[in-house]
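Asker: Have a look at this one before I ask anything.
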Amino acid sequence: KILDGHEVNVKREDKGLLKANVLLTRGASAEIPKIKGYGSWMSINAMPLEMGIAKASRMKNFAYSIPDMRGRDIYKHFYKLLKKKSGFCVKTLKRSHRDFLGCYVHFKEMDNAGHDDRPLDKKKMIELVDRRFFGKLRRMVRRYGWKVVVSCDHSTPCKLKGHSVDPVPVLVYDGENNDESKGFDEKEMMKGSLGKMYGKEFMKRTGLG
């Protein structure tokens with residue numbers, strides 16, 4: 001009864017969408033986790049989870065307004081979100097990077113494509129971010145002498161439509177090629193100089209903390 005008249009459902013009904021009728025809580029906790037502080041870092045994120053990580057680690061977060069979904073096509077909305085975030089990240093880094101020692105950025109939409117078994121959309125989303133974010137970031141790396149570390153928190157194979165325990169690739173870039181790997185995928189990473197590591201070793205092994 002509470003959800004039925006909620007403002008979110010009123011908007012959904014106006015658009016001809018189904019109303020939400022269940023509330024699913026996930027990962028609820030009774031206390032804030034104690035993690036290492038990164039007060040000299042910035043975060044560029046607008047999703048609640050990533051904003052929470054930034055807050056818990058004392059990063060300065062730069063958020064942006066997430067546009068409302070219009071129509072029924074969720075993937076059209078996902079592409080819109082990726083374009084907006086990519087542009088916002090580039091502008092924020094240009095404007096504020098001198099005030100911080102590091103930056104945390106997270107892209108979520110590719111994970112949704114994995115859950116929905118949409119490999120072509122997953123590929124297009126990665127290519128979009130590669131073009132609109134990393135393509136411009138690469139020029140800034142050379143200009144300012146930055147180090148960029150790219151990875152993900154888990155694998156989401158389209159075949160499984162869910163998370164898996166498969167190892168994920170890690171890339172470290174500082175403007176130079178330092179090993180034999182030529183691309184960013186699981187097979188090429190086997191040639192990399194970092195070797196295999198556990199998540200708890202990630203910050204130290206990549207030179208971030």
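By convention here, the chains of the structure tokens are called A, B, ... in the order presented, each chain's residues are numbered starting at 1, and ligands are numbered starting at 1 in the order presented.
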Using DSSP on the backbone, list every residue of chain A that comes out as strand (DSSP E), and give them as a list in words.

Answerer: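 Everything in chain A that counts as strand (DSSP E) is Trp41, Met42, Ser43, Ile44, Lys60, Asn61, Phe62, Gly102, Cys103, Tyr104, Val105, Val148, Val149, Val150, Leu171, Val172 and Tyr173 of chain A.
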
Asker: Can you pull out every residue within 7 Å of Lys60 in chain A, counting only C-alpha atoms, but drop anything in the same chain fewer than 5 positions away, and send it as a ChimeraX atom specification?

Answerer: /A:41-43

Asker: Contacts between range 125-135 of chain A and range 9-115 of chain A, please, where a residue of range 9-115 of chain A counts if it comes within 12 Å (with only C-alpha atoms); show its shortest atom pair and distance in Å to one decimal, rows by chain and ascending number, as CSV.

Answerer:
residue,atom,partner,partner_atom,distance
A:Tyr75,CA,A:Met125,CA,10.0
A:Lys76,CA,A:Met125,CA,11.1
A:His77,CA,A:Met125,CA,11.9
A:Phe78,CA,A:Met125,CA,8.7
A:Tyr79,CA,A:Met125,CA,7.1
A:Lys80,CA,A:Met125,CA,10.5
A:Leu81,CA,A:Met125,CA,10.5
A:Leu82,CA,A:Val129,CA,7.0
A:Lys83,CA,A:Arg132,CA,7.3
A:Lys84,CA,A:Arg132,CA,9.8
A:Lys85,CA,A:Phe133,CA,8.7
A:Ser86,CA,A:Phe133,CA,5.1
A:Gly87,CA,A:Phe133,CA,7.1
A:Phe88,CA,A:Phe133,CA,9.4
A:Cys89,CA,A:Phe133,CA,7.5
A:Val90,CA,A:Phe133,CA,6.6
A:Lys91,CA,A:Phe133,CA,10.2
A:Thr92,CA,A:Phe133,CA,11.7
A:Leu93,CA,A:Phe133,CA,10.8
A:Val105,CA,A:Phe133,CA,10.7
A:His106,CA,A:Val129,CA,11.1
A:Phe107,CA,A:Val129,CA,8.6
A:Lys108,CA,A:Met125,CA,10.0
A:Glu109,CA,A:Met125,CA,7.5
A:Met110,CA,A:Met125,CA,6.2
A:Asp111,CA,A:Met125,CA,10.0
A:Asn112,CA,A:Met125,CA,10.5
A:Ala113,CA,A:Met125,CA,8.8
A:Gly114,CA,A:Met125,CA,11.1

Asker: A:Glu7, A:Gly175, A:Val170, A:Cys152: which is nearest Lys191 in chain A, counting only C-alpha atoms?

Answerer: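 Ranking A:Glu7, A:Gly175, A:Val170, A:Cys152 by distance to Lys191 in chain A, first place goes to A:Val170.
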
Asker: Excluding Gly145 in chain A and its own-chain neighbours fewer than 5 positions away, which residues fall within 12 Å of it when counting only C-alpha atoms? Please give them as a PyMOL selection string.

Answerer: chain A and resi 97-98+101+137-140+173-176
